[in-house]
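For reference, the structure is listed below as structure tokens.
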Amino acid sequence: MAALQRRAIRIRGQVQGVGFRPFVYRLATQRGLSGFVRNDGAGVAIEVQGSPAVLDDFINALRQPPALARIDDLAVSDLIPDRNVGDTFAIVASSGGPVTAEIAPDSAICPACLAELFDPRDRRYRYPFINCTDCGPRYTITAALPYDRPNTSMAGFALCPDCALEYGDPGNRRFHAQPNACALCGPELNWRDASGRPMVAADVIEAALARLLAGDILAIKGLGGFHLVCDAQNPAAVARLRQRKQRDAKPFAVMAANAASLAAWADINPTERRWLESPQRPIVLLRQHPETERRLPDIAPGLAHLGAMLPYTPLHYLLFHQAAGRPTGTAWLETIQPLLLVMTSANPGGEPLVIGDEEAARRLAGIADGFVSHNRAILARCDDSVVTDGGFIRRARGYTPQAIRLPGAGPSVLAFGGFLKNTVCLTRDDRAYLSPHIGSLDNAETCRALEEAVEHLQDILRIEPERIACDLHPDFPSSRLAARYAADRDLPCIAVQHHHAHIAAVAAEHGLREPILGLALDGVGLGADGGIWGGELLKVDGARFERLGHLRPLPLPGGDRAAREPWRLAAATLHELGRSDEISRRFGAKADLIRQMLERRVNTPETSSVGRLFDAAAALLGVRELSDYEGQAAMELEARAHRHGSAAPLAGGFVLNDDGLLDFFPLLAWLSEGVAAELGAACFHATLASAFSAWLAWARKKSGVRKVALGGGCFLNRLLTTQLRARLEKAGWQVLTARHAPPNDGGLSLGQAWVAMQTTPLKG
């Protein structure tokens with residue numbers, strides 16, 4: 001008899017809820033090995049016995065896991081062989097122990113399930129909750145680990161005999177698929193009227209599509225919450241949605257059946273197509289065709305890009321299937337489908353996403369004309385992710401709570417993020433776990449959602465933090481909650497300067513512990529000197545940073561109100577240029593008070609913010625004087641620059657002083673002299689890229705550092721980022737940008753956590 005060996009294999013990573021145990025079972029039985037596999041708190045544990053050569057082959061095969069799995073660590077140790085165990089291999093019950101495993105994010109329906117969904121002979125034909133080990137809900141239905149059915153919102157749905165057979169059959173695609181169900185034993189759709197009362201509908205999908213095509217607005221329950229949905233090609237319905245949601249101009253996302261159908265509205269490059277068709281199914285910002293704004297006048301007004309996504313739940317696909325006339329098979333998904341739906345987060349303006357039926361009826365009253373819901377509970381809010389071909393704008397569904405690898409291990413930190421686009425971050429060893437996008441903390445509902453997110457992230461990961469981190473601004477709701485949380489648990493609370501956190505987040509993603517230069521460009525952040533920062537050149541070395549330079553400050557007449565009224569920044573620019581007499585002539589009688597405020601320096605703090613620089617430029621060019629949402633002026637300015645095409649930097653458009661002060665007032669003066677908006681916008685972007693490149697060259701001479709991290713919300717501007725990166729790389733820089741977290745405030749908590757891990761807390 002050949003020599004036997006027995007080995008214990010410990011696998012950590014994203015290995016629960018992704019079909020990993022069935023995968024291991026098949027590999028072992030195909031090779032005639034004996035032993036077992038099980039989930040536990042740390043991931044997956046395997047004991048396996050056989051000949052050395054076959055065991056080596058088995059271990060090599062483990063390294064090519066299922067599509068949704070990710071192996072971070074695979075450790076093998078030798079055990080004493082047991083000749084009495086027989087030749088069987090089994091999946092055994094999960095064990096306990098300290099929880100360090102990861103739950104998988106939600107995933108779009110897979111091709112195999114799609115084929116069954118549209119096959120009239122299949123028992124799951126048109127079943128809205130079809131899934132298998134390769135697809136479906138994970139994070140949003142999970143209450144705790146290990147990832148087993150009793151720990152999910154499927155616990156109350158007992159498997160019927162057919163589903164139980166699938167679940168127990170190692171050769172079946174649904175072997176140990178925890179959300180497995182069918183129409184006999186699983187969740188079911190329900191139809192509710194505008195007040196939330198249950199209504200009878202012979203076919204909920206058919207009724208829903210008919211209402212959408214008739215111009216109604218429906219609230220439809222998805223994986224991480226409800227969407228508000230209407231016909232994107234019905235201007236009256238879209239206008240009604242804007243009015244009811246009190247969303248005057250902020251863009252809506254749309255959903256089409258496939259990429260071919262989206263191509264009628266926007267350009268799609270190969271990277272964008274991969275994002276669109278990925279299992280994560282984010283919203284992707286696509287460059288819209290020139291005629292799209294005319295054909296869809298109220299979807300993304302004044303912008304260069306259209307937010308678009310493809311279906312990711314069976315329910316989404318069934319709406320498009322119904323519109324196509326219920327064809328058999330999946331061939332119809334390869335052809336252009338005319339239906340285009342607005343698919344936007346179901347929430348009153350600025351509030352968190354709605355997830356429950358009673359909550360939906362209460363919070364969406366007066367917005368939705370009807371509700372398409374179901375009886376599978378959503379246990380975690382998780383909005384749609386938003387990406388560009390350069391990376392994340394919002395990181396949520398499809399990616400949360402996927403770990404981000406840090407440059408090193410350290411104490412567990414719970415970081416509470418900032419004020420806008422809030423997220424929280426929890427670390428364990430050398431892993432960081434970002435919450436889904438929570439939103440801006442300017443209302444009580446979102447502040448409560450922040451507390452829920454903190455609690456859920458700790459529950460699902462079972463991490464007890466050793467340190468707390470927050471923004472340096474003490475009056476942010478997140479900072480106040482962090483301070484209270486730390487005090488209640490006698491933990492150190494580390495306040496991290498806003499722009500330091502932006503750069504630290506990028507450094508953490510790239511695994512850097514060495515000193516780097518950081519270009520932090522955003523709207524606002526409290527500076528270490530108590531000022532309002534936002535255009536900063538930093539040298540960052542772990543828990544320390546040095547401010548090497550900043551933009552010449554611009555007055556903010558009226559403080560925060562100036563960020564919502566860009567014309568005030570234009571007025572401030574004219575005042576600084578010695579042209580105060582032009583303010584009233586340009587902006588009317590309303591500007592008289594602003595001119596007086598500027599002259600007397602009353603309620604006129606100063607800021608080095610690049611975000612406010614964009615606002616000033618947009619107002620001087622006549623692009624935008626009042627903003628309906630954050631970043632609108634800058635986004636419309638970028639759109640105008642795209643329309644113009646390439647432009648050269650303005651000669652003499654900036655001044656760089658020996659002390660690191662970067663002055664753009666020469667550029668602003670030129671923009672104020674009646675330049676055409678498109679030309680001015682294009683030249684503005686080109687001049688900024690040229691100036692920032694020169695600024696960094698100055699800093700390199702001063703510091704000797706040749707690596708630069710680009711962080712802050714202004715780097716969501718693809719035109720600026722692309723032009724600047726091209727200049728820097730040509731000059732020999734190693735340029736680091738955000739990859740796994742957004743560069744805006746959605747990534748702040750990651751940077752806060754990494755700084756806090758490296759900080760020695762003060763005692764007492």
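Chain lettering (A, B, ...) mirrors the order of the structure tokens, residue numbering begins at 1 for each chain separately, and ligand numbering begins at 1 in order of display.
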Taking only range 586-620 of chain A into account, list the residues labelled helix (DSSP H, G or I) by DSSP (computed from the backbone), as a CSV table (one decimal) with C-alpha atoms, in the first residue's frame.
chain,number,residue,atom,x,y,z
A,586,ARG,CA,-22.2,91.5,-12.9
A,587,PHE,CA,-24.5,90.0,-10.2
A,591,ALA,CA,-24.3,91.5,-4.6
A,592,ASP,CA,-24.2,94.9,-2.8
A,593,LEU,CA,-24.2,93.2,0.6
A,594,ILE,CA,-21.5,90.7,-0.5
A,595,ARG,CA,-19.3,93.5,-1.7
A,596,GLN,CA,-19.6,95.2,1.7
A,597,MET,CA,-18.9,92.0,3.5
A,598,LEU,CA,-15.7,91.6,1.4
A,599,GLU,CA,-14.6,95.1,2.0
A,600,ARG,CA,-15.2,95.0,5.7
A,610,VAL,CA,-9.6,73.8,-5.0
A,611,GLY,CA,-13.3,73.0,-5.0
A,612,ARG,CA,-14.0,76.6,-4.4
A,613,LEU,CA,-11.6,77.5,-7.1
A,614,PHE,CA,-13.7,75.5,-9.5
A,615,ASP,CA,-16.8,77.3,-8.3
A,616,ALA,CA,-15.3,80.7,-8.9
A,617,ALA,CA,-14.2,79.7,-12.4
A,618,ALA,CA,-17.7,78.3,-13.2
A,619,ALA,CA,-19.4,81.5,-12.1
A,620,LEU,CA,-16.9,83.8,-13.8
Contact table range 463-529 of chain A vs range 741-750 of chain A, cut-off 9 Å, shortest pair per residue, only C-alpha atoms, as a Markdown table:
| residue | atom | partner | partner_atom | distance |
| --- | --- | --- | --- | --- |
| A:Ala469 | CA | A:Ser749 | CA | 8.0 |
| A:Cys470 | CA | A:Ser749 | CA | 7.5 |
| A:Asp471 | CA | A:Leu748 | CA | 8.4 |
| A:His498 | CA | A:Leu748 | CA | 7.4 |
| A:His499 | CA | A:Leu748 | CA | 8.6 |
| A:Ala501 | CA | A:Leu748 | CA | 5.6 |
| A:His502 | CA | A:Leu748 | CA | 5.7 |
| A:Ile503 | CA | A:Pro743 | CA | 8.9 |
| A:Ala504 | CA | A:Leu750 | CA | 7.9 |
| A:Ala505 | CA | A:Leu750 | CA | 5.4 |
| A:Val506 | CA | A:Pro743 | CA | 7.7 |
| A:Ala508 | CA | A:Leu750 | CA | 7.9 |
| A:Glu509 | CA | A:Ala741 | CA | 8.1 |
| A:Asp522 | CA | A:Asn744 | CA | 7.6 |
Selection to disk with N, CA and C atoms, as a PDB file, in the first residue's frame:
ATOM      1  N   ALA A 469     -10.986  56.361  15.607  1.00  0.00           N
ATOM      2  CA  ALA A 469     -10.439  57.456  14.809  1.00  0.00           C
ATOM      3  C   ALA A 469     -11.582  58.268  14.216  1.00  0.00           C
ATOM      4  N   CYS A 470     -11.308  59.540  13.985  1.00  0.00           N
ATOM      5  CA  CYS A 470     -12.327  60.431  13.417  1.00  0.00           C
ATOM      6  C   CYS A 470     -11.641  61.611  12.746  1.00  0.00           C
ATOM      7  N   ASP A 471     -12.437  62.477  12.145  1.00  0.00           N
ATOM      8  CA  ASP A 471     -11.916  63.687  11.527  1.00  0.00           C
ATOM      9  C   ASP A 471     -11.495  64.680  12.606  1.00  0.00           C
ATOM     10  N   HIS A 498      -7.986  66.070   7.962  1.00  0.00           N
ATOM     11  CA  HIS A 498      -8.777  65.643   6.814  1.00  0.00           C
ATOM     12  C   HIS A 498      -7.914  65.272   5.608  1.00  0.00           C
ATOM     13  N   HIS A 499      -6.992  66.142   5.227  1.00  0.00           N
ATOM     14  CA  HIS A 499      -6.211  65.917   4.008  1.00  0.00           C
ATOM     15  C   HIS A 499      -5.100  64.904   4.229  1.00  0.00           C
ATOM     16  N   ALA A 501      -5.663  62.313   6.009  1.00  0.00           N
ATOM     17  CA  ALA A 501      -6.423  61.057   5.830  1.00  0.00           C
ATOM     18  C   ALA A 501      -6.613  60.728   4.354  1.00  0.00           C
ATOM     19  N   HIS A 502      -6.875  61.746   3.516  1.00  0.00           N
ATOM     20  CA  HIS A 502      -7.015  61.505   2.081  1.00  0.00           C
ATOM     21  C   HIS A 502      -5.759  60.843   1.511  1.00  0.00           C
ATOM     22  N   ILE A 503      -4.599  61.369   1.844  1.00  0.00           N
ATOM     23  CA  ILE A 503      -3.354  60.831   1.302  1.00  0.00           C
ATOM     24  C   ILE A 503      -3.026  59.485   1.944  1.00  0.00           C
ATOM     25  N   ALA A 504      -3.291  59.355   3.238  1.00  0.00           N
ATOM     26  CA  ALA A 504      -3.032  58.084   3.924  1.00  0.00           C
ATOM     27  C   ALA A 504      -3.868  56.956   3.342  1.00  0.00           C
ATOM     28  N   ALA A 505      -5.095  57.253   2.908  1.00  0.00           N
ATOM     29  CA  ALA A 505      -5.948  56.221   2.307  1.00  0.00           C
ATOM     30  C   ALA A 505      -5.309  55.669   1.041  1.00  0.00           C
ATOM     31  N   VAL A 506      -4.762  56.551   0.209  1.00  0.00           N
ATOM     32  CA  VAL A 506      -4.116  56.105  -1.031  1.00  0.00           C
ATOM     33  C   VAL A 506      -2.853  55.321  -0.703  1.00  0.00           C
ATOM     34  N   ALA A 508      -2.243  53.603   1.996  1.00  0.00           N
ATOM     35  CA  ALA A 508      -2.626  52.305   2.562  1.00  0.00           C
ATOM     36  C   ALA A 508      -3.003  51.310   1.469  1.00  0.00           C
ATOM     37  N   GLU A 509      -3.772  51.764   0.486  1.00  0.00           N
ATOM     38  CA  GLU A 509      -4.157  50.882  -0.621  1.00  0.00           C
ATOM     39  C   GLU A 509      -2.959  50.335  -1.373  1.00  0.00           C
ATOM     40  N   ASP A 522      -9.694  69.149  -2.622  1.00  0.00           N
ATOM     41  CA  ASP A 522     -11.109  68.878  -2.367  1.00  0.00           C
ATOM     42  C   ASP A 522     -11.843  70.169  -2.059  1.00  0.00           C
TER      43      ASP A 522
END
Using only C-alpha atoms, what table do you get, as a tab-separated table, when you list each residue of range 371-408 of chain A with an atom no more than 12 Å from range 704-721 of chain A, its nearest pair of atoms, and their distance in Å rounded to one decimal, rows by chain then rising number?
residue	atom	partner	partner_atom	distance
A:Val386	CA	A:Leu716	CA	11.3
A:Val387	CA	A:Leu716	CA	9.7
A:Thr388	CA	A:Arg718	CA	8.5
A:Asp389	CA	A:Arg718	CA	9.1
A:Gly390	CA	A:Arg718	CA	7.6
A:Gly391	CA	A:Leu716	CA	8.8
A:Phe392	CA	A:Leu716	CA	8.6
A:Ile393	CA	A:Leu716	CA	7.0
A:Arg394	CA	A:Leu716	CA	10.6
* Asked: Just how far from CA of Phe157 in chain A is CA of Leu184 in chain A, in Å to one decimal?
  -> 10.0 Å
Could you pull the residues within 9 Å of Asp429 in chain A, counting only C-alpha atoms, minus those fewer than 6 positions along the same chain, as an mmCIF file with N, CA and C atoms, in the first residue's frame?
data_model
loop_
_atom_site.group_PDB
_atom_site.id
_atom_site.type_symbol
_atom_site.label_atom_id
_atom_site.label_comp_id
_atom_site.auth_asym_id
_atom_site.auth_seq_id
_atom_site.Cartn_x
_atom_site.Cartn_y
_atom_site.Cartn_z
ATOM 1 N N LEU A 406 -3.807 46.081 3.992
ATOM 2 C CA LEU A 406 -3.021 47.198 4.487
ATOM 3 C C LEU A 406 -1.532 46.868 4.423
ATOM 4 N N GLY A 408 0.577 46.731 6.695
ATOM 5 C CA GLY A 408 1.037 45.971 7.851
ATOM 6 C C GLY A 408 -0.082 45.807 8.856
ATOM 7 N N ALA A 409 0.162 44.957 9.838
ATOM 8 C CA ALA A 409 -0.834 44.700 10.876
ATOM 9 C C ALA A 409 -0.689 45.718 12.002
ATOM 10 N N GLY A 410 -1.726 45.822 12.796
ATOM 11 C CA GLY A 410 -1.696 46.741 13.925
ATOM 12 C C GLY A 410 -2.933 46.578 14.770
ATOM 13 N N PRO A 411 -3.112 47.423 15.762
ATOM 14 C CA PRO A 411 -4.303 47.342 16.616
ATOM 15 C C PRO A 411 -5.565 47.597 15.804
ATOM 16 N N SER A 412 -6.660 46.961 16.199
ATOM 17 C CA SER A 412 -7.932 47.143 15.506
ATOM 18 C C SER A 412 -8.447 48.560 15.738
#
* To do: Within 6 Å of range 279-294 of chain A, counting only C-alpha atoms, which residues show up once you throw out same-chain ones fewer than 4 positions away? Write them as a list in words, please.
  => Ser107, Ala108, Trp265, Ala266, Asp267, Ala304, His305, Leu306, Gly307, Ala308, Met309, Ser385, Val386, Val387, Thr388 and Gly398 of chain A
What would the file look like if the residues just selected were written as an mmCIF file, in the first residue's frame with N, CA, C and O atoms?
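And here's result.cif as it stands now:
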data_model
loop_
_atom_site.group_PDB
_atom_site.id
_atom_site.type_symbol
_atom_site.label_atom_id
_atom_site.label_comp_id
_atom_site.auth_asym_id
_atom_site.auth_seq_id
_atom_site.Cartn_x
_atom_site.Cartn_y
_atom_site.Cartn_z
ATOM 1 N N SER A 107 -23.764 39.467 -5.292
ATOM 2 C CA SER A 107 -23.292 39.278 -6.660
ATOM 3 C C SER A 107 -24.471 39.167 -7.615
ATOM 4 O O SER A 107 -25.528 38.619 -7.267
ATOM 5 N N ALA A 108 -24.289 39.664 -8.838
ATOM 6 C CA ALA A 108 -25.343 39.610 -9.850
ATOM 7 C C ALA A 108 -25.655 38.172 -10.230
ATOM 8 O O ALA A 108 -24.803 37.269 -10.122
ATOM 9 N N TRP A 265 -27.006 55.392 -26.110
ATOM 10 C CA TRP A 265 -27.056 56.615 -25.310
ATOM 11 C C TRP A 265 -25.680 57.152 -24.941
ATOM 12 O O TRP A 265 -25.552 58.339 -24.646
ATOM 13 N N ALA A 266 -24.667 56.282 -24.927
ATOM 14 C CA ALA A 266 -23.356 56.701 -24.430
ATOM 15 C C ALA A 266 -22.251 55.871 -25.069
ATOM 16 O O ALA A 266 -22.487 54.756 -25.552
ATOM 17 N N ASP A 267 -21.059 56.420 -25.060
ATOM 18 C CA ASP A 267 -19.880 55.671 -25.492
ATOM 19 C C ASP A 267 -19.472 54.714 -24.374
ATOM 20 O O ASP A 267 -19.552 55.063 -23.187
ATOM 21 N N ALA A 304 -21.364 65.814 -18.696
ATOM 22 C CA ALA A 304 -20.737 65.078 -19.796
ATOM 23 C C ALA A 304 -21.002 63.585 -19.706
ATOM 24 O O ALA A 304 -20.901 62.877 -20.713
ATOM 25 N N HIS A 305 -21.327 63.102 -18.514
ATOM 26 C CA HIS A 305 -21.421 61.661 -18.310
ATOM 27 C C HIS A 305 -22.812 61.236 -17.826
ATOM 28 O O HIS A 305 -23.514 61.992 -17.162
ATOM 29 N N LEU A 306 -23.149 60.014 -18.187
ATOM 30 C CA LEU A 306 -24.428 59.395 -17.829
ATOM 31 C C LEU A 306 -24.143 58.199 -16.934
ATOM 32 O O LEU A 306 -23.362 57.314 -17.299
ATOM 33 N N GLY A 307 -24.764 58.154 -15.759
ATOM 34 C CA GLY A 307 -24.628 56.995 -14.875
ATOM 35 C C GLY A 307 -25.523 55.871 -15.345
ATOM 36 O O GLY A 307 -26.737 56.045 -15.457
ATOM 37 N N ALA A 308 -24.938 54.709 -15.636
ATOM 38 C CA ALA A 308 -25.710 53.608 -16.208
ATOM 39 C C ALA A 308 -25.279 52.281 -15.591
ATOM 40 O O ALA A 308 -24.123 52.109 -15.194
ATOM 41 N N MET A 309 -26.218 51.352 -15.530
ATOM 42 C CA MET A 309 -25.913 50.015 -15.035
ATOM 43 C C MET A 309 -26.773 48.992 -15.750
ATOM 44 O O MET A 309 -27.751 49.330 -16.443
ATOM 45 N N SER A 385 -22.962 50.755 -5.994
ATOM 46 C CA SER A 385 -21.637 51.328 -6.175
ATOM 47 C C SER A 385 -21.627 52.173 -7.444
ATOM 48 O O SER A 385 -22.384 51.917 -8.383
ATOM 49 N N VAL A 386 -20.751 53.174 -7.470
ATOM 50 C CA VAL A 386 -20.599 54.047 -8.637
ATOM 51 C C VAL A 386 -19.118 54.104 -8.984
ATOM 52 O O VAL A 386 -18.282 54.341 -8.103
ATOM 53 N N VAL A 387 -18.804 53.888 -10.272
ATOM 54 C CA VAL A 387 -17.413 53.872 -10.699
ATOM 55 C C VAL A 387 -17.251 54.657 -12.001
ATOM 56 O O VAL A 387 -18.220 54.930 -12.716
ATOM 57 N N THR A 388 -16.012 55.011 -12.295
ATOM 58 C CA THR A 388 -15.608 55.463 -13.619
ATOM 59 C C THR A 388 -14.542 54.496 -14.103
ATOM 60 O O THR A 388 -14.146 53.573 -13.368
ATOM 61 N N GLY A 398 -21.818 45.009 -3.991
ATOM 62 C CA GLY A 398 -20.906 44.276 -4.856
ATOM 63 C C GLY A 398 -19.481 44.247 -4.351
ATOM 64 O O GLY A 398 -18.695 43.386 -4.754
#
* Contact residues around Pro557 in chain A with only C-alpha atoms at 10 Å, ignoring same-chain residues under 4 positions, as a PyMOL selection string -> chain A and resi 561-563+565+568-569+571-572+593-598+601-606
What does the file look like for those residues with N, CA, C and O atoms, as an mmCIF file, in the first residue's frame?
data_model
loop_
_atom_site.group_PDB
_atom_site.id
_atom_site.type_symbol
_atom_site.label_atom_id
_atom_site.label_comp_id
_atom_site.auth_asym_id
_atom_site.auth_seq_id
_atom_site.Cartn_x
_atom_site.Cartn_y
_atom_site.Cartn_z
ATOM 1 N N ARG A 561 -22.237 79.096 2.939
ATOM 2 C CA ARG A 561 -23.215 79.422 1.895
ATOM 3 C C ARG A 561 -22.538 79.659 0.547
ATOM 4 O O ARG A 561 -23.135 79.431 -0.507
ATOM 5 N N ALA A 562 -21.289 80.115 0.566
ATOM 6 C CA ALA A 562 -20.572 80.366 -0.681
ATOM 7 C C ALA A 562 -20.386 79.083 -1.489
ATOM 8 O O ALA A 562 -20.328 79.128 -2.723
ATOM 9 N N ALA A 563 -20.295 77.950 -0.820
ATOM 10 C CA ALA A 563 -20.141 76.684 -1.535
ATOM 11 C C ALA A 563 -21.395 76.330 -2.323
ATOM 12 O O ALA A 563 -21.321 75.589 -3.310
ATOM 13 N N GLU A 565 -23.411 78.764 -3.547
ATOM 14 C CA GLU A 565 -23.682 79.898 -4.432
ATOM 15 C C GLU A 565 -22.368 80.355 -5.066
ATOM 16 O O GLU A 565 -21.713 81.286 -4.580
ATOM 17 N N ARG A 568 -20.835 83.947 -5.381
ATOM 18 C CA ARG A 568 -20.150 84.613 -4.268
ATOM 19 C C ARG A 568 -18.628 84.465 -4.396
ATOM 20 O O ARG A 568 -17.879 85.373 -4.036
ATOM 21 N N LEU A 569 -18.182 83.290 -4.897
ATOM 22 C CA LEU A 569 -16.744 83.097 -5.104
ATOM 23 C C LEU A 569 -16.233 83.971 -6.234
ATOM 24 O O LEU A 569 -15.107 84.492 -6.189
ATOM 25 N N ALA A 571 -17.528 86.862 -6.991
ATOM 26 C CA ALA A 571 -17.477 88.202 -6.409
ATOM 27 C C ALA A 571 -16.216 88.373 -5.567
ATOM 28 O O ALA A 571 -15.542 89.426 -5.620
ATOM 29 N N ALA A 572 -15.877 87.354 -4.794
ATOM 30 C CA ALA A 572 -14.668 87.415 -3.967
ATOM 31 C C ALA A 572 -13.423 87.536 -4.838
ATOM 32 O O ALA A 572 -12.470 88.263 -4.489
ATOM 33 N N LEU A 593 -24.517 93.659 -0.722
ATOM 34 C CA LEU A 593 -24.165 93.238 0.636
ATOM 35 C C LEU A 593 -22.876 92.414 0.630
ATOM 36 O O LEU A 593 -22.030 92.563 1.529
ATOM 37 N N ILE A 594 -22.727 91.551 -0.384
ATOM 38 C CA ILE A 594 -21.530 90.720 -0.468
ATOM 39 C C ILE A 594 -20.294 91.597 -0.651
ATOM 40 O O ILE A 594 -19.244 91.365 -0.038
ATOM 41 N N ARG A 595 -20.406 92.622 -1.484
ATOM 42 C CA ARG A 595 -19.277 93.531 -1.689
ATOM 43 C C ARG A 595 -18.892 94.203 -0.368
ATOM 44 O O ARG A 595 -17.702 94.301 -0.031
ATOM 45 N N GLN A 596 -19.887 94.611 0.394
ATOM 46 C CA GLN A 596 -19.609 95.243 1.682
ATOM 47 C C GLN A 596 -18.959 94.252 2.659
ATOM 48 O O GLN A 596 -18.032 94.613 3.396
ATOM 49 N N MET A 597 -19.450 93.007 2.648
ATOM 50 C CA MET A 597 -18.854 91.986 3.511
ATOM 51 C C MET A 597 -17.378 91.790 3.172
ATOM 52 O O MET A 597 -16.519 91.667 4.062
ATOM 53 N N LEU A 598 -17.082 91.758 1.881
ATOM 54 C CA LEU A 598 -15.701 91.556 1.446
ATOM 55 C C LEU A 598 -14.825 92.743 1.834
ATOM 56 O O LEU A 598 -13.685 92.575 2.288
ATOM 57 N N ARG A 601 -14.495 92.599 5.585
ATOM 58 C CA ARG A 601 -14.055 91.292 6.101
ATOM 59 C C ARG A 601 -14.971 90.805 7.222
ATOM 60 O O ARG A 601 -14.521 90.324 8.270
ATOM 61 N N VAL A 602 -16.272 90.910 6.973
ATOM 62 C CA VAL A 602 -17.274 90.428 7.913
ATOM 63 C C VAL A 602 -17.808 89.082 7.423
ATOM 64 O O VAL A 602 -18.217 88.956 6.268
ATOM 65 N N ASN A 603 -17.806 88.064 8.288
ATOM 66 C CA ASN A 603 -18.269 86.712 7.931
ATOM 67 C C ASN A 603 -17.651 86.273 6.601
ATOM 68 O O ASN A 603 -18.344 85.807 5.703
ATOM 69 N N THR A 604 -16.350 86.457 6.513
ATOM 70 C CA THR A 604 -15.652 86.146 5.263
ATOM 71 C C THR A 604 -14.373 85.363 5.574
ATOM 72 O O THR A 604 -13.257 85.891 5.443
ATOM 73 N N PRO A 605 -14.512 84.126 6.033
ATOM 74 C CA PRO A 605 -13.307 83.317 6.250
ATOM 75 C C PRO A 605 -12.606 83.045 4.917
ATOM 76 O O PRO A 605 -13.185 83.236 3.846
ATOM 77 N N GLU A 606 -11.370 82.595 4.991
ATOM 78 C CA GLU A 606 -10.621 82.291 3.779
ATOM 79 C C GLU A 606 -10.422 80.783 3.643
ATOM 80 O O GLU A 606 -10.397 80.053 4.637
#
* Residues at most 10 Å from Asp459 in chain A, counting only C-alpha atoms, excluding those fewer than 6 positions away in the same chain, as a list in words? ->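 With the cut-off at 10 Å, the set is Ala143, Ala144, Leu145 and Ala453 of chain A.
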